[in-house]
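Trainee: Next up is a structure, given as structure tokens.
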Number of protein chains: 2
Amino acid sequence: MGRLTGGDPSLLRRINSAVVLHALRTAASPASPLAAAPTLTDLVKVTGLSRPTVEGVVEGLMESGLVVEAPAEEGEARRQGRPARRFRFRVEAGHLLGIEIGPHRIAALMADLSGRVTGSASVDVAEKAPADERLDRVRDAVADLLARSGVPRSGLRAVGVATPGIVEADGTVRLGTALPGWTGLPLGERLRRSFRCPVLVENDANAAAVAEHWKGAATGSDDVVFVLAGLSPGAGSLIGGRLHRGFGGAAGEIGALHLLGREATPEEVLSTTGEPLHPLDEAQVARVFALAREGDEGAAAAVERFMRRLVHDVAALVLALDPELVVVGGWAAGLSGVLEPLRAELSRYCLRPPQVVQSMLGEAAVATGALRLALDHVEKQLFAVESTVTARR
Amino acid sequence: MGRLTGGDPSLLRRINSAVVLHALRTAASPASPLAAAPTLTDLVKVTGLSRPTVEGVVEGLMESGLVVEAPAEEGEARRQGRPARRFRFRVEAGHLLGIEIGPHRIAALMADLSGRVTGSASVDVAEKAPADERLDRVRDAVADLLARSGVPRSGLRAVGVATPGIVEADGTVRLGTALPGWTGLPLGERLRRSFRCPVLVENDANAAAVAEHWKGAATGSDDVVFVLAGLSPGAGSLIGGRLHRGFGGAAGEIGALHLLGREATPEEVLSTTGEPLHPLDEAQVARVFALAREGDEGAAAAVERFMRRLVHDVAALVLALDPELVVVGGWAAGLSGVLEPLRAELSRYCLRPPQVVQSMLGEAAVATGALRLALDHVEKQLFAVESTVTARR
């Protein structure tokens with residue numbers, strides 16, 4: 001239980017600073033009733049703090065570069081006397097990166113402190129590239145993006161990284177079979193050498209769930225399962241609007257369910273020849289789906305096996321979590337004939353079937369989620385009231 | 001984001017009252033460093049509130065009957081002058097009920113405001129009893145318990161009820177196939193007619209999860225899946241110490257997974273004759289397990305099918321949620337040969353296998369959880385700081 005009276009003065013200063021900064025940031029959003037650049041009087045009114053407190057806090061925020069005096073608004077100069085000073089939050093005071101490290105591709109997004117994307121870069125990488133080479137490609141993409149954006153490396157406030165695998169809290173990949181050399185890789189530690197700011201590492205499906213909730217197909221729901229549909233599906237879940245990572249960061253790794261009863265691997269399930277498919281060969285998989293559409297019986301049977309598996313895995317997630325919404329992304333989401341059967345089957349055997357929709361962010365989902373995680377981290381530092389209060393419960 | 005300055009005075013009064021009551025209640029626990037019945041000076045020190053504020057609050061709490069002046073502690077009278085007044089939280093100022101409505105049995109527990117169990121009652125009910133008859137048995141059990149405890153009905157502050165099925169937020173059973181007439185029953189509304197206090201209805205496995213976390217096998221973990229193992233397993237989950245009900249209250253209803261691919265029903269799975277077992281005939285099931293132990297091949301095969309199903313369902317939960325701990329309860333937990341295979345199989349195909357332990361509360365788990373939910377409700381009213389602050393985030 002929190003004690004709301006007393007408390008130490010430095011905490012109070014931090015809270016007051018966060019309250020003022022939050023007010024300034026909110027003012028900058030188009031929906032705000034405040035002037036885009038409020039005066040001290042505006043800030044006193046909206047925060048409930050005393051004028052001397054607000055003055056002191058704004059002074060400190062200007063020193064740190066997060067707040068700047070704004071030019072007087074048009075028309076104001078005409079009024080009598082000197083116009084009141086106005087202030088605005090400097091969204092350009094820092095930048096964030098969101099990076100996807102995938103099997104075929106490294107994608108990076110840059111944003112300012114408001115979360116607005118200001119640049120992107122992407123480089124291809126060989127599926128079989130060892131970890132060191134893959135990390136070199138990450139550095140290439142970042143260097144390219146920084147150079148083109150004119151943002152110095154020291155201007156980065158946080159970097160979010162998303163990748164396949166079970167990721168520990170410190171950014172180590174506990175298990176990642178999709179990428180060579182990934183299991184056991186201290187990915188966070190390795191990447192921290194390239195940056196002077198915090199580096200946050202997350203599972204790719206978890207990041208995609210966060211992204212769809214931020215600006216994709218799940219903005220209207222706080223209880224979401226995102227399925228990264230591929231040969232072996234992964235999933236990320238939001239519960240009450242928060243990412244559910246699980247006790248060991250392994251929540252949603254439902255692809256392992258087929259190990260039960262020693263069922264066929266996904267690569268065998270979709271095979272039409274008896275030879276298992278290569279797990280990352282998406283073209284080969286698309287070919288099987290195309291053949292099925294053209295009436296090839298072997299391919300149709302393989303696709304049916306694949307769908308049955310996918311529906312089963314998603315159903316297990318839905319029964320365990322009971323989400324409001326399931327968002328399907330990943331390459332398999334783009335294949336026609338995935339969404340409809342999933343909907344039909346889920347409504348048959350889920351007690352309360354969720355809505356099922358396709359990802360809106362598509363290929364950008366994972367990097368966008370990584371960016372959001374970086375933004376979350378920075379917001380927690382800048383607008384620390386919430387975390388301060390909840391930590392004291 | 002919470003604003004911690006300003007705010008309305010009635011809210012502040014409520015918070016201060018909750019802070020003082022909480023201090024008094026904490027003082028009453030044996031582990032407290034405070035005197036069991038603190039003085040005003042003690043309360044001023046521990047709450048950080050001013051003396052006049054504490055005096056006013058204590059006055060109000062005494063008027064409401066929640067606090068009473070305690071006799072001076074031994075030895076104090078010998079000191080000079082009049083001893084300082086001492087106060088204590090009246091745990092006997094109200095009572096709570098936790099009720100399990102099961103297929104064979106109604107069980108009720110009574111507790112005081114500290115959560116200490118002060119009485120219990122249980123009545124049998126026919127498996128096929130219609131809803132009205134089952135509710136009559138609930139009223140019988142409650143009347144018996146009240147009479148034996150000498151607690152007037154008006155002394156009840158909250159009643160928790162747990163029962164099989166998917167339960168909506170208002171206490172209506174959305175789906176409950178285990179009990180006749182249960183689906184669609186406005187259970188909360190029906191029971192509220194018998195009580196003048198709030199009645200909270202919850203799914204039985206959810207309640208059991210809460211109970212094991214409170215005073216059972218899961219006191220050491222906040223990330224727990226409780227499996228109510230029977231022919232068709234249900235489950236309840238705690239995530240970060242909080243019950244995860246799901247968007248529609250259906251989380252953990254993993255028993256439905258066998259509907260996928262139109263697999264055999266649980267009653268068929270455990271049959272040795274081809275005739276499905278009766279779903280609630282626990283004796284019949286125990287007989288199959290006993291036969292298997294004696295070497296009967298048909299029974300052994302049936303038990304193996306049953307175990308495979310149970311392990312699969314639990315694995316789906318574990319993969320989706322990644323809990324630290326799985327607690328197995330329900331009648332099947334008592335059958336030898338359930339826990340070990342579950343552990344072995346989970347460690348084979350879960351990426352990060354959780355601990356698997358048996359329920360400590362056994363038959364009492366569901367009613368105990370219902371009691372805890374009633375206590376949670378009352379605590380939220382009495383010690384409202386936390387909910388007030390978090391609601392303002």
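Labels for the structure tokens follow display order: chains A, B, ..., residues from 1 in each chain, ligands from 1.
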Using only C-alpha atoms, which residues of stretch 64-135 of chain B come within 10 Å of stretch 164-176 of chain B, and what is the closest atom pair for each, with the distance in Å to one decimal? Give it as a Markdown table, sorted by chain and residue number.
Mentor:
| residue | atom | partner | partner_atom | distance |
| --- | --- | --- | --- | --- |
| B:Glu100 | CA | B:Pro164 | CA | 9.2 |
| B:Ile101 | CA | B:Pro164 | CA | 7.9 |
| B:Gly102 | CA | B:Pro164 | CA | 7.0 |
| B:Pro103 | CA | B:Pro164 | CA | 8.5 |
Trainee: Restricting the output to N, CA, C and O atoms, write the selected residues as a compact mmCIF listing (two decimals), in the first residue's frame.
Mentor:
# COMPACT_ATOMS: atom_id res chain seq x y z
N GLU B 100 -18.43 -23.13 -1.97
CA GLU B 100 -18.25 -23.92 -3.18
C GLU B 100 -19.56 -24.60 -3.54
O GLU B 100 -20.15 -25.28 -2.71
N ILE B 101 -20.03 -24.39 -4.76
CA ILE B 101 -21.20 -25.12 -5.24
C ILE B 101 -20.70 -26.13 -6.26
O ILE B 101 -20.36 -25.77 -7.39
N GLY B 102 -20.59 -27.38 -5.84
CA GLY B 102 -20.04 -28.42 -6.72
C GLY B 102 -21.11 -29.39 -7.16
O GLY B 102 -22.29 -29.25 -6.81
N PRO B 103 -20.70 -30.40 -7.92
CA PRO B 103 -21.68 -31.38 -8.41
C PRO B 103 -22.25 -32.27 -7.29
O PRO B 103 -23.42 -32.66 -7.34
Trainee: Quick one: distance from atom CA of A:Gly155 to atom CA of A:Arg372 in Å, one decimal?
Mentor: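 One can read the atom CA of A:Gly155 to atom CA of A:Arg372 distance as 17.3 Å.
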Trainee: For chain A, which of B:Gly94, B:Gly240, B:Gly65, B:Pro186 is the closest residue, counting only C-alpha atoms?
Mentor: B:Gly240
Trainee: Can you check which residues of stretch 150-382 of chain B DSSP gives as alpha helix (DSSP H) on the backbone and send them as JSON, numbers by chain?
Mentor: {"B": [187, 188, 189, 190, 191, 192, 204, 205, 206, 207, 208, 209, 210, 211, 212, 213, 214, 215, 266, 267, 268, 269, 282, 283, 284, 285, 286, 287, 288, 289, 290, 291, 292, 293, 297, 298, 299, 300, 301, 302, 303, 304, 305, 306, 307, 308, 309, 310, 311, 312, 313, 314, 315, 316, 317, 318, 319, 320, 321, 339, 340, 341, 342, 343, 344, 345, 346, 347, 348, 349, 365, 366, 367, 368, 369, 370, 371, 372, 373, 374, 375, 376, 377, 378, 379, 380, 381, 382]}
Trainee: Which one is closest to chain B: A:Ser271, A:Ser10, A:Ser221, A:Ser154? Count only C-alpha atoms.
Mentor: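 Closest candidate: A:Ser221.
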Trainee: Tell me, as a ChimeraX atom specification, which residues lie within 10 Å of A:Val318, counting only C-alpha atoms; anything in the same chain fewer than 6 positions away does not count.
Mentor: /A:224-225,312,324-326,346,350-354 /B:246,250-254,257,317,320
Trainee: Just to be explicit: take each residue in the selection above, keep C-alpha atoms, and write the result as a PDB file, in the first residue's frame.
Mentor:
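Produced file result-v9.pdb, reproduced below:
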ATOM      1  CA  VAL A 224      -4.842  -9.457 -27.615  1.00  0.00           C
ATOM      2  CA  VAL A 225      -3.016 -12.507 -28.897  1.00  0.00           C
ATOM      3  CA  HIS A 312      -4.934 -26.216 -32.973  1.00  0.00           C
ATOM      4  CA  GLU A 324     -10.799 -10.351 -27.073  1.00  0.00           C
ATOM      5  CA  LEU A 325      -8.895 -10.292 -30.338  1.00  0.00           C
ATOM      6  CA  VAL A 326      -6.503 -12.515 -32.287  1.00  0.00           C
ATOM      7  CA  LEU A 346     -12.190 -21.211 -33.611  1.00  0.00           C
ATOM      8  CA  CYS A 350     -13.803 -22.079 -28.490  1.00  0.00           C
ATOM      9  CA  LEU A 351     -16.332 -21.419 -25.781  1.00  0.00           C
ATOM     10  CA  ARG A 352     -16.198 -17.706 -26.470  1.00  0.00           C
ATOM     11  CA  PRO A 353     -14.547 -17.220 -29.841  1.00  0.00           C
ATOM     12  CA  PRO A 354     -12.435 -14.071 -30.178  1.00  0.00           C
TER      13      PRO A 354
ATOM     14  CA  GLY B 246      -9.650 -13.542 -19.598  1.00  0.00           C
ATOM     15  CA  ALA B 250     -13.216 -18.100 -20.041  1.00  0.00           C
ATOM     16  CA  ALA B 251      -9.420 -18.246 -19.591  1.00  0.00           C
ATOM     17  CA  GLY B 252      -8.111 -21.704 -18.757  1.00  0.00           C
ATOM     18  CA  GLU B 253     -11.058 -23.657 -20.150  1.00  0.00           C
ATOM     19  CA  ILE B 254      -8.525 -25.883 -21.833  1.00  0.00           C
ATOM     20  CA  LEU B 257      -9.090 -28.487 -26.742  1.00  0.00           C
ATOM     21  CA  LEU B 317      -1.496 -23.902 -20.826  1.00  0.00           C
ATOM     22  CA  ALA B 320       0.750 -20.165 -23.634  1.00  0.00           C
TER      23      ALA B 320
END
Trainee: Can you tell me how far atom CA of B:Gln358 sits from atom CA of B:Arg293, in Å to one decimal?
Mentor: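 Result for atom CA of B:Gln358 versus atom CA of B:Arg293: 20.5 Å, one decimal.
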Trainee: Give me, as a PyMOL selection string, the residues of stretch 153-388 of chain B that a backbone DSSP run labels strand (DSSP E or B).
Mentor: chain B and resi 156-163+166-167+173-175+199-203+224-228+234-239+242-243+325-329+355-358
Trainee: Could you tell me how far atom CA of B:Val159 sits from atom CA of B:Pro198, in Å to one decimal place?
Mentor: 6.3 Å
Trainee: Skipping near chain neighbours, those fewer than 3 positions away, what residues fall within 12 Å of B:Leu34 using only C-alpha atoms, listed as number ranges by chain?
Mentor: B: 23-31, 37-43, 45-47, 86-88
Trainee: Applying 9 Å and only C-alpha atoms, which residues near A:Phe226 remain after dropping the ones on its own chain fewer than 3 positions away? List them as a ChimeraX atom specification.
Mentor: /A:205-206,208-210,212,234-238,325-329,359
Trainee: Keeping only N, CA and C atoms, write the selected residues as a PDB file, in the first residue's frame.
Mentor:
ATOM      1  N   ALA A 205       7.547 -12.046 -31.747  1.00  0.00           N
ATOM      2  CA  ALA A 205       6.078 -12.076 -31.694  1.00  0.00           C
ATOM      3  C   ALA A 205       5.567 -11.146 -30.583  1.00  0.00           C
ATOM      4  N   ASN A 206       6.297 -11.092 -29.472  1.00  0.00           N
ATOM      5  CA  ASN A 206       5.910 -10.165 -28.400  1.00  0.00           C
ATOM      6  C   ASN A 206       5.962  -8.733 -28.901  1.00  0.00           C
ATOM      7  N   ALA A 208       5.710  -7.678 -31.967  1.00  0.00           N
ATOM      8  CA  ALA A 208       4.653  -7.454 -32.954  1.00  0.00           C
ATOM      9  C   ALA A 208       3.301  -7.223 -32.264  1.00  0.00           C
ATOM     10  N   ALA A 209       3.060  -7.941 -31.178  1.00  0.00           N
ATOM     11  CA  ALA A 209       1.808  -7.735 -30.425  1.00  0.00           C
ATOM     12  C   ALA A 209       1.738  -6.300 -29.910  1.00  0.00           C
ATOM     13  N   VAL A 210       2.847  -5.822 -29.363  1.00  0.00           N
ATOM     14  CA  VAL A 210       2.913  -4.450 -28.861  1.00  0.00           C
ATOM     15  C   VAL A 210       2.662  -3.453 -29.999  1.00  0.00           C
ATOM     16  N   GLU A 212       1.007  -3.878 -32.922  1.00  0.00           N
ATOM     17  CA  GLU A 212      -0.372  -3.876 -33.422  1.00  0.00           C
ATOM     18  C   GLU A 212      -1.291  -3.144 -32.441  1.00  0.00           C
ATOM     19  N   GLY A 234       4.680 -18.672 -33.485  1.00  0.00           N
ATOM     20  CA  GLY A 234       4.969 -18.075 -32.182  1.00  0.00           C
ATOM     21  C   GLY A 234       3.841 -17.119 -31.880  1.00  0.00           C
ATOM     22  N   ALA A 235       3.778 -16.657 -30.654  1.00  0.00           N
ATOM     23  CA  ALA A 235       2.710 -15.731 -30.315  1.00  0.00           C
ATOM     24  C   ALA A 235       3.155 -14.772 -29.231  1.00  0.00           C
ATOM     25  N   GLY A 236       2.545 -13.611 -29.234  1.00  0.00           N
ATOM     26  CA  GLY A 236       2.757 -12.631 -28.181  1.00  0.00           C
ATOM     27  C   GLY A 236       1.396 -12.222 -27.643  1.00  0.00           C
ATOM     28  N   SER A 237       1.298 -11.934 -26.353  1.00  0.00           N
ATOM     29  CA  SER A 237      -0.003 -11.618 -25.756  1.00  0.00           C
ATOM     30  C   SER A 237       0.052 -10.329 -24.962  1.00  0.00           C
ATOM     31  N   LEU A 238      -1.009  -9.557 -25.088  1.00  0.00           N
ATOM     32  CA  LEU A 238      -1.209  -8.433 -24.199  1.00  0.00           C
ATOM     33  C   LEU A 238      -2.369  -8.763 -23.280  1.00  0.00           C
ATOM     34  N   LEU A 325      -9.284 -10.444 -28.933  1.00  0.00           N
ATOM     35  CA  LEU A 325      -8.895 -10.292 -30.338  1.00  0.00           C
ATOM     36  C   LEU A 325      -7.666 -11.147 -30.642  1.00  0.00           C
ATOM     37  N   VAL A 326      -7.694 -11.828 -31.791  1.00  0.00           N
ATOM     38  CA  VAL A 326      -6.503 -12.515 -32.287  1.00  0.00           C
ATOM     39  C   VAL A 326      -6.061 -11.809 -33.562  1.00  0.00           C
ATOM     40  N   VAL A 327      -4.812 -11.365 -33.611  1.00  0.00           N
ATOM     41  CA  VAL A 327      -4.256 -10.745 -34.810  1.00  0.00           C
ATOM     42  C   VAL A 327      -3.282 -11.738 -35.426  1.00  0.00           C
ATOM     43  N   VAL A 328      -3.479 -12.038 -36.701  1.00  0.00           N
ATOM     44  CA  VAL A 328      -2.608 -13.001 -37.368  1.00  0.00           C
ATOM     45  C   VAL A 328      -1.646 -12.257 -38.284  1.00  0.00           C
ATOM     46  N   GLY A 329      -0.361 -12.437 -38.044  1.00  0.00           N
ATOM     47  CA  GLY A 329       0.670 -11.848 -38.885  1.00  0.00           C
ATOM     48  C   GLY A 329       1.683 -12.909 -39.258  1.00  0.00           C
ATOM     49  N   SER A 359      -3.013  -8.882 -39.419  1.00  0.00           N
ATOM     50  CA  SER A 359      -2.081  -7.812 -39.045  1.00  0.00           C
ATOM     51  C   SER A 359      -2.238  -6.622 -39.979  1.00  0.00           C
TER      52      SER A 359
END
Trainee: Mind checking which residues fall within 10 Å of B:Met110, counting only C-alpha atoms, ignoring those fewer than 3 positions away in the same chain, and posting them as an MDAnalysis selection string?
Mentor: chainID B and resid 95:99 115:121 142 145:146 149 151 156 159 367:368 371
Trainee: Write out as an MDAnalysis selection string the residues lying within 9 Å of stretch 281-292 of chain A, counting only C-alpha atoms and excluding same-chain residues fewer than 5 positions away.
Mentor: chainID A and resid 230:231 270:272 297:303 331:332 335:337
Trainee: Find the residue from A:Gly334, A:Gly160, A:Gly369, A:Gly56 that sits nearest to A:Ala229; use only C-alpha atoms when measuring.
Mentor: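 Checking each candidate against A:Ala229, we get A:Gly334 as the closest.
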Trainee: For each of B:Leu113, B:Val311, B:Ala217, B:Leu21, take the minimum atom-to-atom distance to chain A, counting only C-alpha atoms, then give the residue where this is smallest.
Mentor: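 Ranked by minimum distance to chain A, first place goes to B:Val311.
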Trainee: Between A:Trp182, A:Lys380, A:Glu59, A:Gly48, single out the one closest to chain B, counting only C-alpha atoms.
Mentor: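 The shortest atom-to-atom distance to chain B comes from A:Gly48.
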